[in-house]
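What follows is the content of data-v5.cif (mmCIF, C-alpha atoms and all ligand atoms).
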```
data_query
#
loop_
_atom_site.label_atom_id
_atom_site.label_comp_id
_atom_site.auth_asym_id
_atom_site.auth_seq_id
_atom_site.Cartn_x
_atom_site.Cartn_y
_atom_site.Cartn_z
CA MET A 1325 111.66 80.79 94.78
CA LYS A 1326 109.37 83.58 93.71
CA ILE A 1327 109.67 87.08 95.10
CA LYS A 1328 106.29 88.24 96.45
CA ASN A 1329 104.86 91.64 95.70
CA PRO A 1330 104.61 93.68 98.89
CA LYS A 1331 101.33 94.54 100.59
CA LEU A 1332 100.47 98.16 99.85
CA TRP A 1333 99.46 99.55 103.21
CA HIS A 1334 98.71 102.94 101.82
CA LYS A 1335 98.59 104.50 98.44
CA MET A 1336 99.36 108.16 97.89
CA PRO A 1337 97.48 110.31 97.39
CA GLY A 1338 94.33 108.25 97.96
CA GLY A 1339 95.48 106.94 101.30
CA ILE A 1340 93.75 103.62 100.78
CA ILE A 1341 94.97 100.52 102.55
CA GLU A 1342 94.41 97.78 100.05
CA GLY A 1343 93.56 94.19 100.67
CA GLU A 1344 91.86 91.99 103.20
CA ASN A 1345 91.52 92.45 106.97
CA VAL A 1346 90.97 96.18 106.69
CA LEU A 1347 88.46 97.99 108.90
CA TYR A 1348 87.24 101.35 107.65
CA SER A 1349 85.20 103.99 109.40
CA ARG A 1350 84.31 107.58 108.64
CA LYS A 1351 83.03 110.43 110.73
CA TYR A 1352 80.73 113.16 109.46
CA LEU A 1353 80.22 116.45 111.26
CA LYS A 1354 76.89 115.18 112.59
CA ASP A 1355 78.80 112.39 114.39
CA VAL A 1356 81.24 114.76 116.09
CA GLU A 1357 79.42 118.13 116.27
CA ASN A 1358 79.46 118.10 120.08
CA LEU A 1359 83.22 118.50 120.03
CA TYR A 1360 82.94 121.99 118.58
CA LYS A 1361 82.13 125.26 120.29
CA SER A 1362 79.81 126.38 117.48
CA LYS A 1363 76.14 125.58 117.99
CA GLU A 1364 75.18 127.00 114.59
CA ILE A 1365 75.90 124.06 112.31
CA SER A 1366 73.50 123.85 109.37
CA ASN A 1367 71.87 120.60 108.32
CA GLU A 1368 73.89 120.72 105.13
CA GLY A 1369 77.10 121.27 107.10
CA LYS A 1370 76.36 118.20 109.20
CA ASN A 1371 77.00 116.00 106.17
CA THR A 1372 80.61 117.22 105.84
CA LEU A 1373 83.09 114.35 105.87
CA MET A 1374 85.50 115.11 108.73
CA TYR A 1375 87.80 112.10 109.03
CA GLU A 1376 88.43 108.55 107.90
CA VAL A 1377 90.19 105.74 109.72
CA TYR A 1378 91.62 102.56 108.21
CA SER A 1379 93.02 99.82 110.39
CA TYR A 1380 94.60 96.62 109.30
CA SER A 1381 95.57 93.51 111.22
CA GLU A 1382 96.22 89.87 110.56
CA GLY A 1383 95.39 86.97 112.79
CA ASP A 1384 93.40 86.97 115.99
CA GLU A 1385 92.61 90.50 117.19
CA THR A 1386 92.07 89.28 120.73
CA GLN A 1387 95.58 87.82 120.84
CA TYR A 1388 97.87 89.72 123.21
CA GLY A 1389 100.87 90.98 121.23
CA ASN A 1390 99.02 91.43 117.94
CA LEU A 1391 99.16 94.88 116.29
CA PHE A 1392 97.02 97.19 114.18
CA TRP A 1393 98.52 99.21 111.38
CA GLY A 1394 96.44 102.30 110.73
CA LEU A 1395 95.88 105.33 108.59
CA THR A 1396 93.88 108.37 109.66
CA ILE A 1397 92.90 111.11 107.22
CA LEU A 1398 91.56 114.36 108.65
CA HIS A 1399 90.11 116.71 106.07
CA PRO A 1400 90.88 120.43 106.07
CA VAL A 1401 87.61 121.66 107.59
CA TYR A 1402 87.13 124.64 109.91
CA ILE A 1403 84.02 125.13 112.03
CA GLU A 1404 83.93 128.86 112.67
CA LYS A 1405 87.76 128.85 112.66
CA GLU A 1406 87.97 125.82 115.00
CA CYS A 1407 90.23 123.14 113.48
CA ASN A 1408 89.03 119.65 112.52
CA MET A 1409 89.88 117.14 115.25
CA THR A 1410 89.40 113.48 116.09
CA LYS A 1411 87.17 112.56 119.04
CA GLY A 1412 90.23 111.64 121.07
CA HIS A 1413 90.52 108.74 123.48
CA PHE A 1414 92.50 106.95 126.13
CA HIS A 1415 93.16 103.30 125.43
CA GLU A 1416 90.80 101.11 127.42
CA ASN A 1417 93.88 99.14 128.38
CA ARG A 1418 96.12 101.86 129.79
CA ASN A 1419 99.22 99.68 129.27
CA CYS A 1420 98.88 99.88 125.49
CA VAL A 1421 101.13 102.47 123.85
CA GLU A 1422 100.86 103.72 120.26
CA TYR A 1423 103.04 105.29 117.59
CA TYR A 1424 101.76 107.97 115.23
CA PHE A 1425 103.80 109.20 112.29
CA GLY A 1426 103.15 112.11 110.00
CA LEU A 1427 102.74 111.38 106.27
CA GLU A 1428 101.14 114.42 104.65
CA GLY A 1429 99.78 117.73 105.77
CA GLU A 1430 100.23 119.68 108.95
CA GLY A 1431 98.69 119.00 112.31
CA LEU A 1432 98.90 118.90 116.06
CA LEU A 1433 98.83 115.86 118.31
CA LEU A 1434 97.24 116.74 121.62
CA LEU A 1435 98.24 114.55 124.55
CA MET A 1436 96.45 114.65 127.90
CA ASP A 1437 97.33 112.75 131.06
CA GLU A 1438 94.78 111.39 133.52
CA MET A 1439 94.99 114.59 135.58
CA GLY A 1440 93.89 116.64 132.54
CA GLN A 1441 97.32 118.18 131.84
CA MET A 1442 97.74 118.73 128.09
CA SER A 1443 100.70 119.08 125.79
CA ALA A 1444 100.85 119.41 122.00
CA GLU A 1445 103.28 118.20 119.36
CA LYS A 1446 103.55 119.46 115.80
CA VAL A 1447 102.74 116.74 113.23
CA LEU A 1448 104.37 116.98 109.80
CA PRO A 1449 105.60 114.59 107.09
CA GLY A 1450 108.23 112.39 108.73
CA SER A 1451 107.41 113.24 112.36
CA LEU A 1452 107.23 110.39 114.86
CA HIS A 1453 105.08 110.46 118.00
CA TYR A 1454 105.18 108.07 120.93
CA ILE A 1455 101.91 107.97 122.85
CA ALA A 1456 102.29 106.51 126.33
CA GLY A 1457 99.51 104.17 127.47
CA ASN A 1458 97.98 106.52 130.01
CA PHE A 1459 97.67 109.54 127.68
CA ALA A 1460 94.56 110.55 125.78
CA HIS A 1461 95.37 111.47 122.18
CA ARG A 1462 93.64 113.71 119.66
CA LEU A 1463 94.75 114.74 116.17
CA VAL A 1464 94.03 118.20 114.80
CA ASN A 1465 94.41 119.34 111.20
CA ILE A 1466 95.89 122.86 111.18
CA GLY A 1467 96.65 122.94 107.45
CA GLU A 1468 94.88 123.40 104.13
CA ILE A 1469 95.27 119.85 102.78
CA PRO A 1470 94.22 116.49 104.29
CA LEU A 1471 96.33 115.51 107.29
CA LYS A 1472 97.44 111.89 106.91
CA ILE A 1473 99.08 109.96 109.70
CA GLY A 1474 100.14 106.36 110.04
CA ALA A 1475 99.73 104.57 113.36
CA CYS A 1476 100.66 101.30 115.04
CA TRP A 1477 99.08 100.01 118.28
CA PRO A 1478 98.08 96.76 119.99
CA THR A 1479 94.84 95.14 118.80
CA THR A 1480 93.89 94.67 122.44
CA ALA A 1481 94.17 98.41 123.31
CA GLY A 1482 90.47 99.33 122.94
CA HIS A 1483 89.07 102.88 123.07
CA ASP A 1484 87.93 104.76 126.13
CA TYR A 1485 86.01 107.76 124.75
CA ARG A 1486 83.98 108.23 127.93
CA ALA A 1487 86.94 109.44 130.03
CA VAL A 1488 87.55 112.22 127.46
CA GLU A 1489 83.86 113.18 127.40
CA GLU A 1490 83.95 113.51 131.18
CA MET A 1491 87.29 115.37 131.20
CA PRO A 1492 87.64 117.15 127.83
CA PHE A 1493 90.95 118.37 126.44
CA PRO A 1494 91.48 121.76 128.14
CA TYR A 1495 92.31 123.72 124.95
CA ARG A 1496 90.41 124.38 121.73
CA ILE A 1497 92.50 124.87 118.59
CA TYR A 1498 91.63 127.69 116.19
CA LYS A 1499 93.16 129.04 113.02
CA ASN A 1500 92.65 132.77 112.81
CA ASN A 1501 94.04 134.63 109.78
CA GLY A 1502 96.56 131.83 109.27
CA LYS A 1503 97.68 131.85 112.92
CA ILE A 1504 97.15 128.87 115.24
CA GLU A 1505 95.60 129.79 118.58
CA LEU A 1506 95.19 127.53 121.61
CA VAL A 1507 92.24 128.78 123.62
CA GLU A 1508 91.59 127.51 127.13
CA ARG A 1509 87.99 126.33 127.52
C1 LIG B 1 93.48 104.05 117.78
C2 LIG B 1 94.26 105.12 117.07
C3 LIG B 1 93.62 105.74 115.82
C4 LIG B 1 92.40 106.61 116.14
C5 LIG B 1 91.92 107.44 114.97
C6 LIG B 1 90.62 108.19 115.21
O1 LIG B 1 93.78 103.82 118.97
O2 LIG B 1 92.60 103.39 117.20
O3 LIG B 1 94.63 106.11 117.98
O4 LIG B 1 93.28 104.76 114.89
O5 LIG B 1 91.36 105.80 116.59
O6 LIG B 1 92.92 108.38 114.66
O7 LIG B 1 90.58 108.84 116.45
P1 LIG B 1 89.37 108.61 117.43
O8 LIG B 1 89.28 107.12 117.66
O9 LIG B 1 89.74 109.35 118.68
O10 LIG B 1 88.15 109.14 116.77
NI NI B 2 94.76 105.29 120.07
#
```
Is it possible to give me this structure as structure tokens?
Ligand code: 6PG
Ligand code: NI
Amino acid sequence: MKIKNPKLWHKMPGGIIEGENVLYSRKYLKDVENLYKSKEISNEGKNTLMYEVYSYSEGDETQYGNLFWGLTILHPVYIEKECNMTKGHFHENRNCVEYYFGLEGEGLLLLMDEMGQMSAEKVLPGSLHYIAGNFAHRLVNIGEIPLKIGACWPTTAGHDYRAVEEMPFPYRIYKNNGKIELVER
């Protein structure tokens, strides 16, 4: 019997999931500019790469019980002191939970229930975060290097971005002279 080489799900420091069955997407500032308070984003600034998402699965994605394995990389970008963040979403299927785990960098995980109540958890290398199915989740990079997190969630979870557009996270996150500030909107 031959011992197989393992699948490399990520490679430091590139953070690349190698192999087949990998979905990859990237967001530029022009894709997410509405999230930020600043209305003064230059055309050049709009081409800034904000975050990248890799997700990997095997088998039938529509099969209940199947899982995605993911990697999100948020770059250290500040828009007039406001920290880089993901769009944030509820899972379309509110029964689907998710785990996030910190790999590199420093961040916050914002969690918001369906009444709009928010809490925040510090994300750092080795941290583990359980995201209940009925909580919207958003990652924020509060550091000076790329924030990398691993994630695992059901392939049938889906994304509900609309609910977050209609009821945004109640706090904006700023870094001011090295200090993190949560500002109510
Ligand atoms: C998911 C995960 C994760 C997330 C990315 C980008 O459910 O797919 O939570 O892969 O999608 O971190 O965040 P947004 O989807 O909110 O842009
Ligand atoms: Ni999710």
Close residues to ligand NI 2 (chain B) using all atoms listed in the file, limit 8 Å, as a PDB file with C-alpha atoms, in the frame of the given file:
```
ATOM      1  CA  GLY A1412      90.230 111.640 121.070  1.00  0.00           C
ATOM      2  CA  HIS A1413      90.520 108.740 123.480  1.00  0.00           C
ATOM      3  CA  PHE A1414      92.500 106.950 126.130  1.00  0.00           C
ATOM      4  CA  HIS A1415      93.160 103.300 125.430  1.00  0.00           C
ATOM      5  CA  VAL A1421     101.130 102.470 123.850  1.00  0.00           C
ATOM      6  CA  GLU A1422     100.860 103.720 120.260  1.00  0.00           C
ATOM      7  CA  ALA A1460      94.560 110.550 125.780  1.00  0.00           C
ATOM      8  CA  HIS A1461      95.370 111.470 122.180  1.00  0.00           C
ATOM      9  CA  TRP A1477      99.080 100.010 118.280  1.00  0.00           C
ATOM     10  CA  ALA A1481      94.170  98.410 123.310  1.00  0.00           C
ATOM     11  CA  GLY A1482      90.470  99.330 122.940  1.00  0.00           C
ATOM     12  CA  HIS A1483      89.070 102.880 123.070  1.00  0.00           C
TER      13      HIS A1483
END
```
| request: Could you jot down the atom CA of Tyr1388 of chain A to atom CA of Lys1351 of chain A separation for me, Å, one decimal place? | output: 28.4 Å
| request: Give the residues close to ligand LIG 1 (chain B), within 10 Å, counting only C-alpha atoms and all ligand atoms; write them as a ChimeraX atom specification. | output: /A:1349-1351,1356,1375-1380,1392-1398,1409-1416,1420-1424,1455,1460-1464,1472-1485,1488
| Proximity to Glu1382 of chain A - best of A:Asn1358, A:Met1325, A:Leu1347, A:Tyr1402, all atoms listed in the file |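 Nearest to Glu1382 of chain A: A:Leu1347.
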| Near segment 1446-1449 of chain A, counting all atoms listed in the file, which residues have an atom at most 12 Å away, once you skip same-chain residues fewer than 2 positions from it, shown as a PyMOL selection string? | chain A and resi 1424-1435+1443-1444+1451-1454+1462-1467+1469-1474+1504
| query | When distances are computed from all atoms listed in the file, which of A:Lys1354, A:Lys1370, A:Lys1363, A:Arg1509 shows the smallest separation from Pro1494 of chain A? | reply |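 Under the stated criterion, the closest residue is A:Arg1509.
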| Given all atoms listed in the file as the counted atoms, nearest of A:Lys1328, A:Arg1418, A:Lys1405, A:Arg1486 to Glu1505 of chain A |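 Among the listed residues, the smallest separation from Glu1505 of chain A belongs to A:Lys1405.
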| Between A:Leu1353, A:Ile1327, A:Ala1487, A:Val1507, which is the closest to Val1401 of chain A once you count only C-alpha atoms? |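 Checking each candidate against Val1401 of chain A, we get A:Leu1353 as the closest.
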For segment 1422-1437 of chain A, which lacks atoms in the input, supply N, CA, C and O atoms and format the output as a compact mmCIF listing (two decimals), in the frame of the given file.
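File written: selection_28.txt
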```
# COMPACT_ATOMS: atom_id res chain seq x y z
N GLU A 1422 101.13 103.59 121.70
CA GLU A 1422 100.86 103.72 120.26
C GLU A 1422 101.91 104.63 119.63
O GLU A 1422 102.42 105.53 120.29
N TYR A 1423 102.22 104.36 118.37
CA TYR A 1423 103.04 105.29 117.59
C TYR A 1423 102.17 105.93 116.52
O TYR A 1423 101.38 105.26 115.86
N TYR A 1424 102.33 107.25 116.36
CA TYR A 1424 101.76 107.97 115.23
C TYR A 1424 102.95 108.47 114.41
O TYR A 1424 103.99 108.82 114.97
N PHE A 1425 102.76 108.56 113.10
CA PHE A 1425 103.80 109.20 112.29
C PHE A 1425 103.17 110.01 111.16
O PHE A 1425 102.23 109.58 110.52
N GLY A 1426 103.71 111.19 110.99
CA GLY A 1426 103.15 112.11 110.00
C GLY A 1426 103.52 111.69 108.58
O GLY A 1426 104.65 111.32 108.31
N LEU A 1427 102.52 111.75 107.68
CA LEU A 1427 102.74 111.38 106.27
C LEU A 1427 102.56 112.57 105.34
O LEU A 1427 103.39 112.83 104.48
N GLU A 1428 101.45 113.27 105.52
CA GLU A 1428 101.14 114.42 104.65
C GLU A 1428 100.37 115.44 105.47
O GLU A 1428 99.61 115.07 106.37
N GLY A 1429 100.54 116.69 105.11
CA GLY A 1429 99.78 117.73 105.77
C GLY A 1429 100.44 118.19 107.06
O GLY A 1429 101.57 117.81 107.38
N GLU A 1430 99.69 119.00 107.78
CA GLU A 1430 100.23 119.68 108.95
C GLU A 1430 99.21 119.57 110.07
O GLU A 1430 98.02 119.87 109.86
N GLY A 1431 99.66 119.15 111.23
CA GLY A 1431 98.69 119.00 112.31
C GLY A 1431 99.30 119.17 113.68
O GLY A 1431 100.48 119.53 113.83
N LEU A 1432 98.45 118.95 114.68
CA LEU A 1432 98.90 118.90 116.06
C LEU A 1432 98.43 117.59 116.64
O LEU A 1432 97.34 117.10 116.32
N LEU A 1433 99.25 117.00 117.49
CA LEU A 1433 98.83 115.86 118.31
C LEU A 1433 98.69 116.39 119.72
O LEU A 1433 99.67 116.89 120.30
N LEU A 1434 97.47 116.31 120.24
CA LEU A 1434 97.24 116.74 121.62
C LEU A 1434 97.33 115.51 122.51
O LEU A 1434 96.73 114.47 122.21
N LEU A 1435 98.07 115.64 123.60
CA LEU A 1435 98.24 114.55 124.55
C LEU A 1435 97.79 115.04 125.92
O LEU A 1435 98.17 116.13 126.34
N MET A 1436 96.96 114.23 126.58
CA MET A 1436 96.45 114.65 127.90
C MET A 1436 96.59 113.51 128.89
O MET A 1436 96.15 112.39 128.61
N ASP A 1437 97.19 113.82 130.05
CA ASP A 1437 97.33 112.75 131.06
C ASP A 1437 96.04 112.60 131.85
O ASP A 1437 95.06 113.33 131.63
```
